[in-house]
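K.L.:
Input file: my_file07.pdb. Contents: PDB, C-alpha atoms, pLDDT in the B column.
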```
ATOM      1  CA  MET A   1      43.944 115.413 102.859  1.00 90.00           C
ATOM      2  CA  THR A   2      46.322 114.623  99.993  1.00 95.00           C
ATOM      3  CA  PRO A   3      47.570 111.089  99.381  1.00 97.00           C
ATOM      4  CA  GLU A   4      51.065 112.245 100.400  1.00 96.00           C
ATOM      5  CA  ALA A   5      49.652 113.584 103.689  1.00 96.00           C
ATOM      6  CA  ARG A   6      47.879 110.258 104.273  1.00 96.00           C
ATOM      7  CA  LEU A   7      51.170 108.431 103.723  1.00 96.00           C
ATOM      8  CA  GLU A   8      52.850 110.711 106.239  1.00 96.00           C
ATOM      9  CA  ALA A   9      50.023 110.238 108.762  1.00 96.00           C
ATOM     10  CA  LEU A  10      50.532 106.482 108.460  1.00 95.00           C
ATOM     11  CA  GLY A  11      54.264 106.901 109.067  1.00 96.00           C
ATOM     12  CA  LEU A  12      55.088 105.711 105.548  1.00 95.00           C
ATOM     13  CA  THR A  13      57.551 107.139 103.064  1.00 93.00           C
ATOM     14  CA  LEU A  14      57.856 106.277  99.413  1.00 95.00           C
ATOM     15  CA  PRO A  15      61.089 104.482  98.530  1.00 93.00           C
ATOM     16  CA  PRO A  16      63.382 105.493  95.687  1.00 91.00           C
ATOM     17  CA  VAL A  17      62.192 104.128  92.347  1.00 91.00           C
ATOM     18  CA  SER A  18      64.149 101.087  91.193  1.00 83.00           C
ATOM     19  CA  ALA A  19      65.325 100.699  87.618  1.00 82.00           C
ATOM     20  CA  PRO A  20      63.673  97.885  85.643  1.00 84.00           C
ATOM     21  CA  ILE A  21      65.465  94.532  85.769  1.00 80.00           C
ATOM     22  CA  GLY A  22      64.611  93.754  82.152  1.00 85.00           C
ATOM     23  CA  ALA A  23      63.750  95.232  78.770  1.00 91.00           C
ATOM     24  CA  TYR A  24      60.516  96.971  79.746  1.00 91.00           C
ATOM     25  CA  LEU A  25      59.120 100.252  81.039  1.00 91.00           C
ATOM     26  CA  THR A  26      58.047 100.531  84.657  1.00 92.00           C
ATOM     27  CA  CYS A  27      55.181 102.793  83.601  1.00 94.00           C
ATOM     28  CA  LYS A  28      53.373 103.213  80.268  1.00 96.00           C
ATOM     29  CA  ARG A  29      50.749 105.852  79.628  1.00 96.00           C
ATOM     30  CA  GLN A  30      47.834 105.254  77.242  1.00 97.00           C
ATOM     31  CA  GLY A  31      45.409 108.170  77.235  1.00 96.00           C
ATOM     32  CA  ASP A  32      44.345 108.777  80.819  1.00 97.00           C
ATOM     33  CA  LEU A  33      45.481 105.314  81.947  1.00 98.00           C
ATOM     34  CA  LEU A  34      48.858 104.444  83.447  1.00 97.00           C
ATOM     35  CA  TYR A  35      49.953 100.820  83.335  1.00 98.00           C
ATOM     36  CA  LEU A  36      52.497 100.071  86.063  1.00 97.00           C
ATOM     37  CA  SER A  37      54.708  97.024  85.663  1.00 96.00           C
ATOM     38  CA  GLY A  38      54.923  94.489  88.455  1.00 96.00           C
ATOM     39  CA  ALA A  39      56.711  95.489  91.646  1.00 97.00           C
ATOM     40  CA  GLY A  40      57.819  93.320  94.511  1.00 97.00           C
ATOM     41  CA  PRO A  41      58.915  93.791  98.123  1.00 97.00           C
ATOM     42  CA  ILE A  42      62.255  95.327  97.185  1.00 94.00           C
ATOM     43  CA  VAL A  43      63.837  97.606  99.789  1.00 91.00           C
ATOM     44  CA  GLU A  44      67.145  99.348  99.127  1.00 88.00           C
ATOM     45  CA  GLY A  45      67.830  97.115  96.148  1.00 88.00           C
ATOM     46  CA  ARG A  46      67.226  93.776  97.838  1.00 93.00           C
ATOM     47  CA  ALA A  47      64.279  91.457  98.281  1.00 95.00           C
ATOM     48  CA  LEU A  48      63.019  91.943 101.833  1.00 95.00           C
ATOM     49  CA  TYR A  49      61.058  88.681 101.682  1.00 97.00           C
ATOM     50  CA  GLN A  50      61.962  85.545  99.748  1.00 98.00           C
ATOM     51  CA  GLY A  51      60.425  82.137  99.282  1.00 98.00           C
ATOM     52  CA  LYS A  52      56.997  80.638  98.837  1.00 98.00           C
ATOM     53  CA  VAL A  53      53.978  81.609 100.865  1.00 98.00           C
ATOM     54  CA  GLY A  54      52.726  78.692 102.894  1.00 97.00           C
ATOM     55  CA  SER A  55      56.157  77.124 103.381  1.00 97.00           C
ATOM     56  CA  ASP A  56      58.944  79.750 103.615  1.00 97.00           C
ATOM     57  CA  VAL A  57      56.880  82.897 104.164  1.00 98.00           C
ATOM     58  CA  SER A  58      53.860  83.210 106.460  1.00 98.00           C
ATOM     59  CA  PRO A  59      50.625  84.675 105.091  1.00 98.00           C
ATOM     60  CA  GLU A  60      51.079  87.621 107.483  1.00 98.00           C
ATOM     61  CA  ALA A  61      54.588  88.350 106.174  1.00 98.00           C
ATOM     62  CA  ALA A  62      53.322  87.966 102.603  1.00 98.00           C
ATOM     63  CA  TYR A  63      50.556  90.509 103.350  1.00 98.00           C
ATOM     64  CA  GLU A  64      53.304  92.924 104.429  1.00 98.00           C
ATOM     65  CA  ALA A  65      55.293  92.063 101.274  1.00 98.00           C
ATOM     66  CA  ALA A  66      52.247  93.017  99.175  1.00 98.00           C
ATOM     67  CA  ARG A  67      51.978  96.286 101.094  1.00 98.00           C
ATOM     68  CA  ILE A  68      55.644  97.089 100.379  1.00 97.00           C
ATOM     69  CA  SER A  69      55.078  96.165  96.729  1.00 98.00           C
ATOM     70  CA  ALA A  70      52.229  98.694  96.591  1.00 98.00           C
ATOM     71  CA  LEU A  71      54.483 101.357  98.128  1.00 98.00           C
ATOM     72  CA  ASN A  72      56.983 100.690  95.349  1.00 97.00           C
ATOM     73  CA  LEU A  73      54.206 101.117  92.780  1.00 98.00           C
ATOM     74  CA  LEU A  74      53.151 104.384  94.414  1.00 98.00           C
ATOM     75  CA  ALA A  75      56.740 105.637  94.241  1.00 97.00           C
ATOM     76  CA  GLY A  76      56.786 104.992  90.490  1.00 95.00           C
ATOM     77  CA  LEU A  77      53.398 106.624  90.139  1.00 96.00           C
ATOM     78  CA  LYS A  78      54.557 109.738  92.000  1.00 96.00           C
ATOM     79  CA  GLN A  79      57.669 109.906  89.831  1.00 95.00           C
ATOM     80  CA  GLU A  80      55.489 109.771  86.717  1.00 94.00           C
ATOM     81  CA  LEU A  81      52.808 112.223  87.889  1.00 96.00           C
ATOM     82  CA  GLY A  82      54.650 114.547  90.241  1.00 95.00           C
ATOM     83  CA  GLU A  83      51.862 114.274  92.803  1.00 96.00           C
ATOM     84  CA  LEU A  84      49.566 111.425  93.782  1.00 97.00           C
ATOM     85  CA  SER A  85      46.510 113.695  93.944  1.00 97.00           C
ATOM     86  CA  ARG A  86      46.354 113.384  90.135  1.00 97.00           C
ATOM     87  CA  VAL A  87      45.092 109.811  90.574  1.00 98.00           C
ATOM     88  CA  LYS A  88      41.436 109.732  89.573  1.00 98.00           C
ATOM     89  CA  SER A  89      40.970 106.025  90.242  1.00 98.00           C
ATOM     90  CA  VAL A  90      42.926 102.851  90.874  1.00 98.00           C
ATOM     91  CA  VAL A  91      41.298 100.745  88.179  1.00 98.00           C
ATOM     92  CA  LYS A  92      42.815  97.259  88.474  1.00 98.00           C
ATOM     93  CA  LEU A  93      45.371  95.295  90.456  1.00 98.00           C
ATOM     94  CA  LEU A  94      46.968  92.015  89.509  1.00 98.00           C
ATOM     95  CA  GLY A  95      48.557  90.182  92.404  1.00 98.00           C
ATOM     96  CA  LEU A  96      50.854  87.225  91.818  1.00 98.00           C
ATOM     97  CA  VAL A  97      51.685  85.083  94.839  1.00 98.00           C
ATOM     98  CA  ALA A  98      54.456  82.469  94.733  1.00 98.00           C
ATOM     99  CA  CYS A  99      53.033  79.772  96.944  1.00 97.00           C
ATOM    100  CA  ALA A 100      53.520  76.265  98.178  1.00 98.00           C
ATOM    101  CA  ASP A 101      51.242  73.477  97.009  1.00 96.00           C
ATOM    102  CA  GLY A 102      48.046  73.535  99.020  1.00 96.00           C
ATOM    103  CA  PHE A 103      48.132  77.262  99.816  1.00 98.00           C
ATOM    104  CA  TYR A 104      44.865  78.918  98.806  1.00 97.00           C
ATOM    105  CA  GLY A 105      45.048  82.257 100.624  1.00 98.00           C
ATOM    106  CA  GLN A 106      46.183  84.388  97.676  1.00 98.00           C
ATOM    107  CA  PRO A 107      43.342  86.944  98.104  1.00 98.00           C
ATOM    108  CA  GLY A 108      44.322  87.548 101.732  1.00 98.00           C
ATOM    109  CA  VAL A 109      47.933  88.149 100.742  1.00 98.00           C
ATOM    110  CA  VAL A 110      47.036  90.623  97.976  1.00 98.00           C
ATOM    111  CA  ASN A 111      44.809  92.448 100.469  1.00 98.00           C
ATOM    112  CA  GLY A 112      48.085  93.948 101.736  1.00 98.00           C
ATOM    113  CA  ALA A 113      48.220  96.057  98.572  1.00 98.00           C
ATOM    114  CA  SER A 114      44.475  96.631  98.290  1.00 98.00           C
ATOM    115  CA  ASP A 115      44.139  97.772 101.900  1.00 98.00           C
ATOM    116  CA  LEU A 116      47.025 100.231 101.522  1.00 98.00           C
ATOM    117  CA  LEU A 117      45.564 101.747  98.354  1.00 98.00           C
ATOM    118  CA  TYR A 118      42.241 102.282 100.117  1.00 98.00           C
ATOM    119  CA  GLU A 119      44.035 103.874 103.104  1.00 97.00           C
ATOM    120  CA  ILE A 120      45.853 106.284 100.782  1.00 97.00           C
ATOM    121  CA  PHE A 121      43.160 107.118  98.208  1.00 98.00           C
ATOM    122  CA  GLY A 122      39.868 106.307  99.939  1.00 97.00           C
ATOM    123  CA  GLU A 123      37.130 105.397  97.451  1.00 97.00           C
ATOM    124  CA  LYS A 124      39.452 106.290  94.550  1.00 98.00           C
ATOM    125  CA  GLY A 125      41.615 103.391  95.734  1.00 98.00           C
ATOM    126  CA  ARG A 126      38.907 100.730  95.360  1.00 98.00           C
ATOM    127  CA  HIS A 127      39.645  98.585  92.330  1.00 98.00           C
ATOM    128  CA  ALA A 128      38.971  95.435  90.378  1.00 98.00           C
ATOM    129  CA  ARG A 129      41.515  92.727  91.152  1.00 98.00           C
ATOM    130  CA  SER A 130      42.898  89.297  90.450  1.00 98.00           C
ATOM    131  CA  ALA A 131      44.965  87.291  92.948  1.00 98.00           C
ATOM    132  CA  ILE A 132      46.782  84.394  91.324  1.00 98.00           C
ATOM    133  CA  GLY A 133      49.048  81.702  92.715  1.00 98.00           C
ATOM    134  CA  VAL A 134      52.227  80.950  90.743  1.00 98.00           C
ATOM    135  CA  CYS A 135      55.101  78.508  91.202  1.00 97.00           C
ATOM    136  CA  SER A 136      57.854  81.164  91.320  1.00 97.00           C
ATOM    137  CA  LEU A 137      58.619  84.854  90.831  1.00 97.00           C
ATOM    138  CA  PRO A 138      61.804  86.768  89.939  1.00 94.00           C
ATOM    139  CA  MET A 139      64.438  87.056  92.696  1.00 94.00           C
ATOM    140  CA  ASN A 140      62.482  84.407  94.650  1.00 97.00           C
ATOM    141  CA  ILE A 141      60.081  87.102  95.897  1.00 98.00           C
ATOM    142  CA  PRO A 142      56.774  85.850  97.314  1.00 98.00           C
ATOM    143  CA  VAL A 143      54.554  88.605  95.861  1.00 98.00           C
ATOM    144  CA  GLU A 144      54.442  90.798  92.759  1.00 98.00           C
ATOM    145  CA  ILE A 145      51.782  93.439  92.186  1.00 98.00           C
ATOM    146  CA  GLU A 146      50.953  95.372  89.018  1.00 98.00           C
ATOM    147  CA  MET A 147      48.446  98.170  88.700  1.00 98.00           C
ATOM    148  CA  ILE A 148      46.368 100.197  86.223  1.00 98.00           C
ATOM    149  CA  VAL A 149      45.502 103.744  87.294  1.00 98.00           C
ATOM    150  CA  GLN A 150      43.290 106.397  85.712  1.00 98.00           C
ATOM    151  CA  VAL A 151      44.763 109.897  86.060  1.00 97.00           C
ATOM    152  CA  GLU A 152      43.611 113.478  85.672  1.00 93.00           C
ATOM    153  CA  ASP A 153      45.598 115.845  83.463  1.00 80.00           C
TER     154      ASP A 153
END
```
Show me, as structure tokens, the structure contained in the file I just sent.

P.N.:
Amino acid sequence: MTPEARLEALGLTLPPVSAPIGAYLTCKRQGDLLYLSGAGPIVEGRALYQGKVGSDVSPEAAYEAARISALNLLAGLKQELGELSRVKSVVKLLGLVACADGFYGQPGVVNGASDLLYEIFGEKGRHARSAIGVCSLPMNIPVEIEMIVQVED
């Protein structure tokens, strides 16, 4: 089953790719690696979730925000590659979680992205990862995810 078919089976569709909000590329290729810039839970041009995890946003909602962030990354990846079946391996994820003092559940939040990538790519979706707590993120989003992917030509 292709990654696109898995998305469809899960009832998920890839959103339109958003333009960068700064002076950077959303995707940069180096050899067979694609470096995808951070993406957040942006839906139709607006932040679906805002605030800090542990005070304004529940861990469960933040998990969903990470999942939406991963969908946004997949949309950019599909735009770059034409088809997601060209993904050889999801190499690395970096998850940034804007959180309240005393919140230590960053790994559980970033699992929203990791779990989705495994659902879509199977073993090719397993990756190395960091989950880091930060004091704030752009647009007051609670989660930002970036990704490195190895691709086949």

K.L.:
Determine the residue set returned by the PyMOL selection byres ((chain A and resi 12) around 12) for the present structure, and present it as a PDB file with C-alpha atoms, in the coordinates of the input.

P.N.:
```
ATOM      1  CA  PRO A   3      47.570 111.089  99.381  1.00 97.00           C
ATOM      2  CA  GLU A   4      51.065 112.245 100.400  1.00 96.00           C
ATOM      3  CA  ALA A   5      49.652 113.584 103.689  1.00 96.00           C
ATOM      4  CA  ARG A   6      47.879 110.258 104.273  1.00 96.00           C
ATOM      5  CA  LEU A   7      51.170 108.431 103.723  1.00 96.00           C
ATOM      6  CA  GLU A   8      52.850 110.711 106.239  1.00 96.00           C
ATOM      7  CA  ALA A   9      50.023 110.238 108.762  1.00 96.00           C
ATOM      8  CA  LEU A  10      50.532 106.482 108.460  1.00 95.00           C
ATOM      9  CA  GLY A  11      54.264 106.901 109.067  1.00 96.00           C
ATOM     10  CA  THR A  13      57.551 107.139 103.064  1.00 93.00           C
ATOM     11  CA  LEU A  14      57.856 106.277  99.413  1.00 95.00           C
ATOM     12  CA  PRO A  15      61.089 104.482  98.530  1.00 93.00           C
ATOM     13  CA  ARG A  67      51.978  96.286 101.094  1.00 98.00           C
ATOM     14  CA  ILE A  68      55.644  97.089 100.379  1.00 97.00           C
ATOM     15  CA  ALA A  70      52.229  98.694  96.591  1.00 98.00           C
ATOM     16  CA  LEU A  71      54.483 101.357  98.128  1.00 98.00           C
ATOM     17  CA  ASN A  72      56.983 100.690  95.349  1.00 97.00           C
ATOM     18  CA  LEU A  74      53.151 104.384  94.414  1.00 98.00           C
ATOM     19  CA  ALA A  75      56.740 105.637  94.241  1.00 97.00           C
ATOM     20  CA  LEU A 116      47.025 100.231 101.522  1.00 98.00           C
ATOM     21  CA  GLU A 119      44.035 103.874 103.104  1.00 97.00           C
ATOM     22  CA  ILE A 120      45.853 106.284 100.782  1.00 97.00           C
TER      23      ILE A 120
END
```

K.L.:
Got a sec to resolve the PyMOL selection byres ((chain A and resi 36-39) around 12) on this structure and send the residues as a PyMOL selection string?

P.N.:
chain A and resi 17-30+33-35+40-43+47+65-80+90-97+113+137-139+141-150

K.L.:
For A:Pro59, which residue out of A:Gly105, A:Ala100, A:Cys135, A:Gly125 is the nearest one, using only C-alpha atoms?

P.N.:
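For A:Pro59, the nearest of the candidates is A:Gly105.
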
K.L.:
Name every residue that the PyMOL selection byres ((chain A and resi 126) around 8) selects in this structure, writing the answer as an MDAnalysis selection string with chains first and numbers rising.

P.N.:
chainID A and resid 89:91 114 117:118 122:125 127:128

K.L.:
Which residues, written as a PyMOL selection string, have at least one atom at most 9 Å from A:Asn140, with all atoms listed in the file counted and residues fewer than 3 positions away on the same chain left out?

P.N.:
chain A and resi 47+49-52+98+136-137

K.L.:
How many Å lie between atom CA of A:Val87 and atom CA of A:Val151, rounded to one decimal?

P.N.:
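So the two atoms, atom CA of A:Val87 and atom CA of A:Val151, lie 4.5 Å apart.
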
K.L.:
If you measure from atom CA of A:Gly45 to atom CA of A:Pro107, what distance in Å do you get, rounded to one decimal?

P.N.:
26.6 Å

K.L.:
One decimal, in Å: what's the spacing between atom CA of A:Val109 and atom CA of A:Ala131?

P.N.:
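Separation of atom CA of A:Val109 and atom CA of A:Ala131: 8.4 Å.
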
K.L.:
Hey, which of A:Gly82, A:Tyr63, A:Gly133, A:Glu152 ends up closest to A:Gly108? Count all atoms listed in the file.

P.N.:
A:Tyr63

K.L.:
With distances taken over all atoms listed in the file, which residue among A:Tyr104, A:Pro16, A:Ile132, A:Cys99 lies nearest A:Val57?

P.N.:
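Once distances to A:Val57 are computed over all atoms listed in the file, the minimum belongs to A:Cys99.
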
K.L.:
Would you fill out stretch 30-61 of chain A with N, CA and C atoms and return it as a PDB file, in the coordinates of the input?

P.N.:
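The result, stored in result-v3.pdb:
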```pdb
ATOM      1  N   GLN A  30      48.710 105.391  78.400  1.00 97.00           N
ATOM      2  CA  GLN A  30      47.834 105.254  77.242  1.00 97.00           C
ATOM      3  C   GLN A  30      46.595 106.080  77.529  1.00 97.00           C
ATOM      4  N   GLY A  31      46.523 107.278  76.934  1.00 96.00           N
ATOM      5  CA  GLY A  31      45.409 108.170  77.235  1.00 96.00           C
ATOM      6  C   GLY A  31      45.468 108.601  78.688  1.00 96.00           C
ATOM      7  N   ASP A  32      44.351 108.399  79.404  1.00 97.00           N
ATOM      8  CA  ASP A  32      44.345 108.777  80.819  1.00 97.00           C
ATOM      9  C   ASP A  32      44.620 107.580  81.735  1.00 97.00           C
ATOM     10  N   LEU A  33      45.136 106.495  81.152  1.00 98.00           N
ATOM     11  CA  LEU A  33      45.481 105.314  81.947  1.00 98.00           C
ATOM     12  C   LEU A  33      46.992 105.152  82.041  1.00 98.00           C
ATOM     13  N   LEU A  34      47.460 104.803  83.234  1.00 97.00           N
ATOM     14  CA  LEU A  34      48.858 104.444  83.447  1.00 97.00           C
ATOM     15  C   LEU A  34      48.902 102.962  83.794  1.00 97.00           C
ATOM     16  N   TYR A  35      49.737 102.239  83.083  1.00 98.00           N
ATOM     17  CA  TYR A  35      49.953 100.820  83.335  1.00 98.00           C
ATOM     18  C   TYR A  35      51.294 100.695  84.048  1.00 98.00           C
ATOM     19  N   LEU A  36      51.267 100.218  85.293  1.00 97.00           N
ATOM     20  CA  LEU A  36      52.497 100.071  86.063  1.00 97.00           C
ATOM     21  C   LEU A  36      52.910  98.609  86.080  1.00 97.00           C
ATOM     22  N   SER A  37      54.161  98.382  85.674  1.00 96.00           N
ATOM     23  CA  SER A  37      54.708  97.024  85.663  1.00 96.00           C
ATOM     24  C   SER A  37      54.780  96.466  87.076  1.00 96.00           C
ATOM     25  N   GLY A  38      54.881  95.164  87.162  1.00 96.00           N
ATOM     26  CA  GLY A  38      54.923  94.489  88.455  1.00 96.00           C
ATOM     27  C   GLY A  38      56.046  94.974  89.344  1.00 96.00           C
ATOM     28  N   ALA A  39      55.734  95.102  90.627  1.00 97.00           N
ATOM     29  CA  ALA A  39      56.711  95.489  91.646  1.00 97.00           C
ATOM     30  C   ALA A  39      56.624  94.491  92.790  1.00 97.00           C
ATOM     31  N   GLY A  40      57.768  94.244  93.387  1.00 97.00           N
ATOM     32  CA  GLY A  40      57.819  93.320  94.511  1.00 97.00           C
ATOM     33  C   GLY A  40      58.269  94.020  95.779  1.00 97.00           C
ATOM     34  N   PRO A  41      58.499  93.236  96.838  1.00 97.00           N
ATOM     35  CA  PRO A  41      58.915  93.791  98.123  1.00 97.00           C
ATOM     36  C   PRO A  41      60.423  94.063  98.148  1.00 97.00           C
ATOM     37  N   ILE A  42      60.842  94.983  97.296  1.00 94.00           N
ATOM     38  CA  ILE A  42      62.255  95.327  97.185  1.00 94.00           C
ATOM     39  C   ILE A  42      62.507  96.580  98.025  1.00 94.00           C
ATOM     40  N   VAL A  43      63.463  96.494  98.922  1.00 91.00           N
ATOM     41  CA  VAL A  43      63.837  97.606  99.789  1.00 91.00           C
ATOM     42  C   VAL A  43      65.337  97.801  99.676  1.00 91.00           C
ATOM     43  N   GLU A  44      65.730  99.009  99.285  1.00 88.00           N
ATOM     44  CA  GLU A  44      67.145  99.348  99.127  1.00 88.00           C
ATOM     45  C   GLU A  44      67.870  98.339  98.238  1.00 88.00           C
ATOM     46  N   GLY A  45      67.204  97.971  97.147  1.00 88.00           N
ATOM     47  CA  GLY A  45      67.830  97.115  96.148  1.00 88.00           C
ATOM     48  C   GLY A  45      67.845  95.634  96.446  1.00 88.00           C
ATOM     49  N   ARG A  46      67.236  95.215  97.546  1.00 93.00           N
ATOM     50  CA  ARG A  46      67.226  93.776  97.838  1.00 93.00           C
ATOM     51  C   ARG A  46      65.824  93.313  98.204  1.00 93.00           C
ATOM     52  N   ALA A  47      65.578  92.044  97.958  1.00 95.00           N
ATOM     53  CA  ALA A  47      64.279  91.457  98.281  1.00 95.00           C
ATOM     54  C   ALA A  47      64.166  91.303  99.794  1.00 95.00           C
ATOM     55  N   LEU A  48      63.198  91.995 100.383  1.00 95.00           N
ATOM     56  CA  LEU A  48      63.019  91.943 101.833  1.00 95.00           C
ATOM     57  C   LEU A  48      62.452  90.595 102.277  1.00 95.00           C
ATOM     58  N   TYR A  49      61.627  90.003 101.413  1.00 97.00           N
ATOM     59  CA  TYR A  49      61.058  88.681 101.682  1.00 97.00           C
ATOM     60  C   TYR A  49      61.405  87.785 100.518  1.00 97.00           C
ATOM     61  N   GLN A  50      61.698  86.521 100.800  1.00 98.00           N
ATOM     62  CA  GLN A  50      61.962  85.545  99.748  1.00 98.00           C
ATOM     63  C   GLN A  50      61.354  84.209 100.120  1.00 98.00           C
ATOM     64  N   GLY A  51      60.968  83.468  99.078  1.00 98.00           N
ATOM     65  CA  GLY A  51      60.425  82.137  99.282  1.00 98.00           C
ATOM     66  C   GLY A  51      58.951  82.058  98.926  1.00 98.00           C
ATOM     67  N   LYS A  52      58.399  80.902  99.181  1.00 98.00           N
ATOM     68  CA  LYS A  52      56.997  80.638  98.837  1.00 98.00           C
ATOM     69  C   LYS A  52      56.098  80.802 100.055  1.00 98.00           C
ATOM     70  N   VAL A  53      54.965  81.419  99.807  1.00 98.00           N
ATOM     71  CA  VAL A  53      53.978  81.609 100.865  1.00 98.00           C
ATOM     72  C   VAL A  53      53.370  80.245 101.195  1.00 98.00           C
ATOM     73  N   GLY A  54      53.274  79.972 102.461  1.00 97.00           N
ATOM     74  CA  GLY A  54      52.726  78.692 102.894  1.00 97.00           C
ATOM     75  C   GLY A  54      53.802  77.688 103.273  1.00 97.00           C
ATOM     76  N   SER A  55      55.063  77.986 102.931  1.00 97.00           N
ATOM     77  CA  SER A  55      56.157  77.124 103.381  1.00 97.00           C
ATOM     78  C   SER A  55      57.294  77.972 103.950  1.00 97.00           C
ATOM     79  N   ASP A  56      57.818  78.922 103.173  1.00 97.00           N
ATOM     80  CA  ASP A  56      58.944  79.750 103.615  1.00 97.00           C
ATOM     81  C   ASP A  56      58.500  81.083 104.214  1.00 97.00           C
ATOM     82  N   VAL A  57      57.376  81.578 103.773  1.00 98.00           N
ATOM     83  CA  VAL A  57      56.880  82.897 104.164  1.00 98.00           C
ATOM     84  C   VAL A  57      55.458  82.734 104.709  1.00 98.00           C
ATOM     85  N   SER A  58      55.201  83.303 105.877  1.00 98.00           N
ATOM     86  CA  SER A  58      53.860  83.210 106.460  1.00 98.00           C
ATOM     87  C   SER A  58      52.891  84.098 105.685  1.00 98.00           C
ATOM     88  N   PRO A  59      51.613  83.798 105.734  1.00 98.00           N
ATOM     89  CA  PRO A  59      50.625  84.675 105.091  1.00 98.00           C
ATOM     90  C   PRO A  59      50.689  86.110 105.617  1.00 98.00           C
ATOM     91  N   GLU A  60      50.984  86.281 106.903  1.00 98.00           N
ATOM     92  CA  GLU A  60      51.079  87.621 107.483  1.00 98.00           C
ATOM     93  C   GLU A  60      52.273  88.381 106.916  1.00 98.00           C
ATOM     94  N   ALA A  61      53.405  87.711 106.771  1.00 98.00           N
ATOM     95  CA  ALA A  61      54.588  88.350 106.174  1.00 98.00           C
ATOM     96  C   ALA A  61      54.338  88.642 104.699  1.00 98.00           C
TER      97      ALA A  61
END
```
